[in-house]
file protein-v7.cif (mmCIF, C-alpha atoms and all ligand atoms)
data_protein
loop_
_atom_site.label_atom_id
_atom_site.label_comp_id
_atom_site.auth_asym_id
_atom_site.auth_seq_id
_atom_site.Cartn_x
_atom_site.Cartn_y
_atom_site.Cartn_z
CA MET A 1 46.05 217.77 156.18
CA ILE A 2 48.09 218.89 159.16
CA ASP A 3 51.86 218.40 159.24
CA LEU A 4 53.29 218.51 162.76
CA HIS A 5 56.97 217.92 161.93
CA SER A 6 58.94 220.17 159.59
CA HIS A 7 62.22 222.02 159.33
CA LEU A 8 60.62 224.97 157.58
CA LEU A 9 62.20 227.82 159.56
CA PRO A 10 65.08 229.38 157.61
CA GLY A 11 68.65 229.12 158.84
CA VAL A 12 68.18 227.49 162.23
CA ASP A 13 69.19 223.87 161.55
CA ASP A 14 69.85 221.49 158.64
CA GLY A 15 66.42 222.28 157.14
CA SER A 16 65.58 225.31 155.02
CA PRO A 17 68.71 227.44 154.48
CA ASP A 18 66.93 230.72 153.69
CA LEU A 19 63.61 232.53 153.32
CA GLU A 20 63.26 231.76 149.60
CA VAL A 21 63.46 228.02 150.24
CA SER A 22 61.04 228.32 153.18
CA LEU A 23 58.50 230.08 150.97
CA ASP A 24 58.95 227.48 148.24
CA MET A 25 58.53 224.69 150.78
CA ALA A 26 55.35 226.33 152.08
CA ARG A 27 53.98 226.55 148.53
CA ILE A 28 54.74 222.85 147.98
CA ALA A 29 52.94 222.01 151.22
CA VAL A 30 49.84 224.00 150.28
CA ALA A 31 49.75 222.43 146.80
CA ASP A 32 49.93 219.01 148.46
CA GLY A 33 46.90 219.77 150.64
CA ILE A 34 48.60 220.76 153.90
CA ARG A 35 46.83 223.62 155.72
CA ILE A 36 48.58 223.72 159.10
CA MET A 37 52.27 223.13 159.64
CA ALA A 38 54.31 222.98 162.81
CA CYS A 39 57.78 224.50 162.55
CA THR A 40 59.88 222.06 164.54
CA PRO A 41 63.60 222.84 164.31
CA HIS A 42 66.07 220.51 165.94
CA ILE A 43 66.99 221.08 169.56
CA THR A 44 70.10 218.96 169.93
CA PRO A 45 72.61 219.83 172.68
CA SER A 46 75.90 221.24 171.33
CA LEU A 47 74.67 220.94 167.74
CA TYR A 48 71.44 222.95 167.42
CA GLU A 49 70.90 225.14 170.46
CA ASN A 50 67.52 226.51 169.42
CA ASP A 51 65.24 227.65 172.20
CA GLY A 52 61.57 228.43 172.68
CA ALA A 53 61.75 232.23 172.55
CA GLN A 54 63.84 232.24 169.40
CA ILE A 55 61.60 229.66 167.68
CA ARG A 56 58.44 231.63 168.54
CA GLU A 57 59.94 234.79 167.10
CA ALA A 58 61.08 233.00 163.93
CA VAL A 59 57.64 231.42 163.44
CA ALA A 60 55.91 234.79 163.83
CA ALA A 61 58.31 236.37 161.32
CA LEU A 62 57.84 233.57 158.78
CA ALA A 63 54.05 233.69 159.20
CA GLU A 64 54.19 237.37 158.22
CA ARG A 65 56.27 236.61 155.14
CA LEU A 66 53.75 233.91 154.13
CA LEU A 67 50.91 236.38 154.50
CA GLU A 68 52.75 238.93 152.31
CA ALA A 69 53.46 236.24 149.72
CA GLY A 70 49.83 235.07 149.73
CA VAL A 71 50.69 231.55 150.87
CA ASP A 72 47.77 230.16 152.85
CA LEU A 73 49.61 228.00 155.37
CA TYR A 74 48.93 228.39 159.10
CA LEU A 75 52.06 227.93 161.22
CA VAL A 76 52.37 226.72 164.78
CA THR A 77 55.48 226.38 166.93
CA GLY A 78 57.27 223.25 168.04
CA ALA A 79 60.65 221.56 168.11
CA ASP A 80 62.26 218.27 167.14
CA VAL A 81 63.65 217.51 170.56
CA HIS A 82 66.63 215.24 170.94
CA LEU A 83 66.54 213.09 174.04
CA ALA A 84 68.66 214.92 176.64
CA PRO A 85 68.86 215.34 180.43
CA LYS A 86 66.42 217.59 182.29
CA LEU A 87 63.97 217.75 179.42
CA ILE A 88 60.90 218.00 181.63
CA GLU A 89 62.22 221.13 183.34
CA ARG A 90 63.26 222.65 180.01
CA ILE A 91 59.78 222.01 178.59
CA ARG A 92 58.07 223.43 181.69
CA SER A 93 60.14 226.60 181.51
CA GLY A 94 59.29 227.10 177.83
CA ARG A 95 62.89 226.77 176.67
CA VAL A 96 61.89 223.64 174.78
CA PRO A 97 58.61 224.24 172.97
CA THR A 98 55.88 221.64 172.66
CA VAL A 99 53.69 221.40 169.55
CA ALA A 100 51.50 224.53 169.44
CA ASP A 101 52.08 224.97 173.20
CA SER A 102 50.13 221.78 173.87
CA ARG A 103 51.01 218.86 176.16
CA TYR A 104 52.44 217.01 173.13
CA PHE A 105 56.07 217.28 171.98
CA LEU A 106 58.27 215.63 169.36
CA LEU A 107 60.93 213.37 170.87
CA GLU A 108 63.82 212.21 168.73
CA ALA A 109 65.73 209.13 169.89
CA PRO A 110 69.40 208.63 168.98
CA HIS A 111 69.60 207.19 165.47
CA HIS A 112 72.32 204.62 165.97
CA VAL A 113 72.12 203.46 169.58
CA ALA A 114 69.05 202.29 171.48
CA PRO A 115 68.81 204.62 174.50
CA PRO A 116 68.50 202.91 177.90
CA ARG A 117 65.51 203.18 180.27
CA MET A 118 63.16 204.66 177.70
CA GLU A 119 60.04 203.13 179.17
CA GLU A 120 60.81 204.81 182.48
CA VAL A 121 61.63 208.13 180.77
CA ILE A 122 58.33 208.00 178.89
CA ARG A 123 56.35 207.18 182.04
CA ASP A 124 58.01 210.17 183.73
CA PHE A 125 56.90 212.46 180.88
CA ARG A 126 53.36 211.11 181.08
CA SER A 127 53.21 211.56 184.86
CA ALA A 128 54.40 215.14 184.40
CA GLY A 129 51.45 215.71 182.03
CA TYR A 130 53.31 215.56 178.72
CA VAL A 131 52.86 213.16 175.81
CA PRO A 132 56.09 212.38 173.96
CA ILE A 133 55.63 211.72 170.25
CA LEU A 134 58.43 209.45 169.15
CA THR A 135 59.57 210.72 165.76
CA HIS A 136 60.12 208.30 162.89
CA PRO A 137 61.12 205.13 164.80
CA GLU A 138 60.94 203.35 161.43
CA ARG A 139 64.15 205.13 160.41
CA LEU A 140 66.22 204.31 163.49
CA SER A 141 69.09 202.00 162.62
CA TRP A 142 68.53 199.93 165.78
CA ILE A 143 64.87 199.14 165.16
CA ASP A 144 65.68 195.76 163.55
CA ALA A 145 67.22 194.44 166.76
CA HIS A 146 64.93 196.28 169.19
CA TYR A 147 61.42 196.43 167.77
CA GLY A 148 60.01 194.96 170.97
CA TYR A 149 61.56 197.85 172.89
CA ILE A 150 59.77 200.37 170.64
CA LYS A 151 56.49 198.57 171.22
CA ARG A 152 57.08 198.73 174.97
CA MET A 153 57.66 202.49 174.63
CA THR A 154 54.20 202.83 173.08
CA ALA A 155 52.74 200.74 175.90
CA ALA A 156 54.45 203.14 178.34
CA GLY A 157 52.62 206.03 176.68
CA ALA A 158 54.72 207.26 173.76
CA TRP A 159 52.86 208.18 170.59
CA ILE A 160 54.39 207.35 167.23
CA GLN A 161 54.93 209.63 164.23
CA LEU A 162 55.93 208.08 160.92
CA THR A 163 57.59 210.11 158.20
CA ALA A 164 55.50 210.27 155.03
CA GLY A 165 58.52 209.48 152.83
CA SER A 166 59.18 206.26 154.75
CA ILE A 167 55.76 204.97 153.72
CA THR A 168 56.30 205.82 150.06
CA GLY A 169 59.82 204.38 149.93
CA THR A 170 61.97 207.55 149.90
CA PHE A 171 64.21 206.15 152.64
CA GLY A 172 64.53 202.66 151.19
CA HIS A 173 63.35 199.20 152.05
CA GLN A 174 63.78 198.98 155.84
CA PRO A 175 61.93 202.18 156.85
CA ARG A 176 59.13 201.17 154.48
CA TYR A 177 58.94 197.70 155.97
CA TRP A 178 58.80 199.01 159.55
CA SER A 179 56.27 201.72 158.61
CA GLU A 180 53.93 199.14 157.14
CA ARG A 181 54.41 196.82 160.08
CA MET A 182 53.65 199.50 162.67
CA LEU A 183 50.65 200.70 160.65
CA ASP A 184 49.35 197.13 160.36
CA GLU A 185 49.82 196.63 164.09
CA GLY A 186 47.87 199.83 164.80
CA LEU A 187 50.69 201.52 166.70
CA VAL A 188 50.93 204.73 164.67
CA HIS A 189 49.28 207.94 165.81
CA LEU A 190 50.22 210.38 163.07
CA ILE A 191 52.08 210.94 159.83
CA ALA A 192 54.19 214.04 159.16
CA THR A 193 56.61 215.18 156.47
CA ASP A 194 59.76 215.96 158.51
CA ALA A 195 60.48 218.19 155.50
CA HIS A 196 63.95 219.67 155.18
CA ASN A 197 64.01 221.12 151.64
CA THR A 198 62.23 221.34 148.29
CA GLY A 199 63.80 218.16 146.90
CA ARG A 200 63.80 214.60 148.15
CA ARG A 201 62.66 215.73 151.61
CA ARG A 202 59.95 218.16 150.58
CA PRO A 203 56.78 218.84 152.61
CA ALA A 204 54.38 216.42 150.93
CA MET A 205 52.24 213.72 152.50
CA SER A 206 49.32 213.17 150.11
CA LYS A 207 50.98 210.12 148.50
CA ALA A 208 51.59 208.56 151.91
CA ARG A 209 47.99 209.32 152.85
CA GLU A 210 46.79 207.53 149.72
CA ALA A 211 48.96 204.51 150.51
CA VAL A 212 47.62 204.39 154.05
CA ALA A 213 44.02 204.77 152.89
CA ALA A 214 44.52 201.80 150.56
CA ARG A 215 46.07 199.78 153.37
CA LEU A 216 43.95 200.69 156.40
CA GLY A 217 40.94 202.50 154.97
CA GLU A 218 39.93 206.12 154.54
CA ALA A 219 38.88 206.69 158.15
CA GLU A 220 42.26 205.77 159.63
CA ALA A 221 44.08 207.77 156.93
CA GLU A 222 42.07 210.80 158.07
CA ASN A 223 42.92 210.07 161.70
CA LEU A 224 46.63 209.86 160.90
CA CYS A 225 46.84 212.97 158.72
CA PHE A 226 44.19 215.24 160.21
CA ALA A 227 42.09 214.22 163.21
CA ARG A 228 44.87 213.30 165.67
CA PRO A 229 47.14 216.17 164.59
CA LEU A 230 44.19 218.55 165.05
CA GLY A 231 43.53 217.12 168.51
CA ILE A 232 47.18 217.74 169.35
CA VAL A 233 47.12 221.34 168.10
CA ARG A 234 43.98 221.91 170.17
CA ASN A 235 45.69 220.31 173.18
CA ARG A 236 42.89 217.84 173.76
CA ALA A 237 43.58 215.15 176.35
CA PRO A 238 44.89 211.86 174.90
CA ALA A 239 41.69 210.08 175.93
CA ASP A 240 39.64 212.64 173.96
CA ILE A 241 41.55 212.04 170.73
CA VAL A 242 40.62 209.02 168.62
CA ALA A 243 42.90 206.20 169.76
CA ALA A 244 45.43 204.48 167.53
CA PRO A 245 43.88 201.12 166.54
CA ALA A 246 46.11 199.03 168.82
CA PHE A 247 44.90 200.98 171.84
CA ALA A 248 41.29 201.50 170.83
CA ALA A 249 39.99 198.36 172.52
CA ALA A 250 42.10 198.76 175.63
CA GLY A 251 40.86 202.28 176.30
CA THR A 252 43.80 202.83 178.64
CA ALA A 253 45.74 205.94 179.57
CA THR A 254 48.50 204.77 177.25
CA THR A 255 46.51 205.95 174.27
FE FE B 301 62.94 216.25 162.14
#

call {"tool": "encode", "arguments": {"input": "protein-v7.cif", "output": "structure tokens", "more": "lines below"}}
Ligand SMILES: [Fe+2]
result
Amino acid sequence: MIDLHSHLLPGVDDGSPDLEVSLDMARIAVADGIRIMACTPHITPSLYENDGAQIREAVAALAERLLEAGVDLYLVTGADVHLAPKLIERIRSGRVPTVADSRYFLLEAPHHVAPPRMEEVIRDFRSAGYVPILTHPERLSWIDAHYGYIKRMTAAGAWIQLTAGSITGTFGHQPRYWSERMLDEGLVHLIATDAHNTGRRRPAMSKAREAVAARLGEAEAENLCFARPLGIVRNRAPADIVAAPAFAAAGTATT
């Protein structure tokens, strides 16, 4: 499996606090069947001011430590990007990294307030050549009142990433309900761990994969946990990556 959302880098955000924990997290990931992991620290203005150069350096350093420790996990760069002004320019300049330097990047919406004009923002990203992957919408507190808005974001061209733990119930009833609903409606493009530690939020997704295989079949489970993430890492065009079921028939650019 390929995990494109993790807070594996030590000491850069609220994820892994130090190298020992990062190595333990990497071992957990490998034991769970994860072979490629994106290191995607938060970039949140005035809270986590990580930037592209620093993230690249930290990923290269951690990759060396993994090699020394004999942990067979391939790392790629990325960031968990909070919605903020001038994002397109910051991505273009490399200050905000995309996933594995592809056209795809993780976009985190505010957790407690539905942001305005998101359809327009997403269309702007798509016209600029980037594909925003909306991270864990199932965990946003405003999803109950604004599910239609999230669906319109996907129609505008946002991809959706669910967190594995939401599917297995780690975050409680509501995130599980919305995960299942979005999966059933065919809106989900990929599953990732969004791992922060070795405990409740550890880098594991095999249980979620099993649950999805039972719900939607083995082929879609593979798409969610491997094929689409691989297409992203390889920077294939959206139209050349197997579409999420809701968009498969339409065959539009919004896939
Ligand atoms: Fe995250």

call {"tool": "residues_near_ligand", "arguments": {"input": "protein-v7.cif", "ligand": "ligand FE 301 (chain B)", "cutoff": "8 Å", "atoms": "only C-alpha atoms and all ligand atoms", "output": "ChimeraX atom specification"}}
result
/A:5-7,40-42,80,108,135,194-196

call {"tool": "residues_around", "arguments": {"input": "protein-v7.cif", "residues": "Ile191 in chain A", "least_positions_apart": "6", "cutoff": "10 Å", "atoms": "all atoms listed in the file", "output": "CSV table (one decimal) with C-alpha atoms, in the frame of the given file"}}
result
chain,number,residue,atom,x,y,z
A,1,MET,CA,46.0,217.8,156.2
A,2,ILE,CA,48.1,218.9,159.2
A,3,ASP,CA,51.9,218.4,159.2
A,4,LEU,CA,53.3,218.5,162.8
A,5,HIS,CA,57.0,217.9,161.9
A,135,THR,CA,59.6,210.7,165.8
A,136,HIS,CA,60.1,208.3,162.9
A,160,ILE,CA,54.4,207.4,167.2
A,161,GLN,CA,54.9,209.6,164.2
A,162,LEU,CA,55.9,208.1,160.9
A,163,THR,CA,57.6,210.1,158.2
A,164,ALA,CA,55.5,210.3,155.0
A,165,GLY,CA,58.5,209.5,152.8
A,166,SER,CA,59.2,206.3,154.8
A,167,ILE,CA,55.8,205.0,153.7
A,205,MET,CA,52.2,213.7,152.5
A,208,ALA,CA,51.6,208.6,151.9
A,209,ARG,CA,48.0,209.3,152.8
A,212,VAL,CA,47.6,204.4,154.0
A,221,ALA,CA,44.1,207.8,156.9
A,223,ASN,CA,42.9,210.1,161.7
A,224,LEU,CA,46.6,209.9,160.9
A,225,CYS,CA,46.8,213.0,158.7
A,226,PHE,CA,44.2,215.2,160.2
A,228,ARG,CA,44.9,213.3,165.7
A,229,PRO,CA,47.1,216.2,164.6

call {"tool": "closest_residue", "arguments": {"input": "protein-v7.cif", "among": "A:Phe105, A:Pro45, A:Pro110, A:Arg202", "to": "Ala26 in chain A", "atoms": "only C-alpha atoms"}}
result
A:Arg202

call {"tool": "residues_around", "arguments": {"input": "protein-v7.cif", "residues": "range 140-154 of chain A", "least_positions_apart": "2", "cutoff": "8 Å", "atoms": "only C-alpha atoms", "output": "mmCIF file with C-alpha atoms, keeping the file's coordinate frame"}}
result
data_model
loop_
_atom_site.group_PDB
_atom_site.id
_atom_site.type_symbol
_atom_site.label_atom_id
_atom_site.label_comp_id
_atom_site.auth_asym_id
_atom_site.auth_seq_id
_atom_site.Cartn_x
_atom_site.Cartn_y
_atom_site.Cartn_z
ATOM 1 C CA PRO A 110 69.400 208.630 168.980
ATOM 2 C CA HIS A 111 69.600 207.190 165.470
ATOM 3 C CA HIS A 112 72.320 204.620 165.970
ATOM 4 C CA VAL A 113 72.120 203.460 169.580
ATOM 5 C CA ALA A 114 69.050 202.290 171.480
ATOM 6 C CA MET A 118 63.160 204.660 177.700
ATOM 7 C CA GLU A 119 60.040 203.130 179.170
ATOM 8 C CA ILE A 122 58.330 208.000 178.890
ATOM 9 C CA HIS A 136 60.120 208.300 162.890
ATOM 10 C CA PRO A 137 61.120 205.130 164.800
ATOM 11 C CA GLU A 138 60.940 203.350 161.430
ATOM 12 C CA ALA A 156 54.450 203.140 178.340
ATOM 13 C CA GLY A 157 52.620 206.030 176.680
ATOM 14 C CA ALA A 158 54.720 207.260 173.760
ATOM 15 C CA TRP A 159 52.860 208.180 170.590
ATOM 16 C CA ILE A 160 54.390 207.350 167.230
ATOM 17 C CA LEU A 187 50.690 201.520 166.700
ATOM 18 C CA THR A 254 48.500 204.770 177.250
#

call {"tool": "closest_residue", "arguments": {"input": "protein-v7.cif", "among": "A:Val81, A:Leu87, A:Val188, A:Leu23", "to": "Tyr48 in chain A", "atoms": "all atoms listed in the file"}}
result
A:Val81
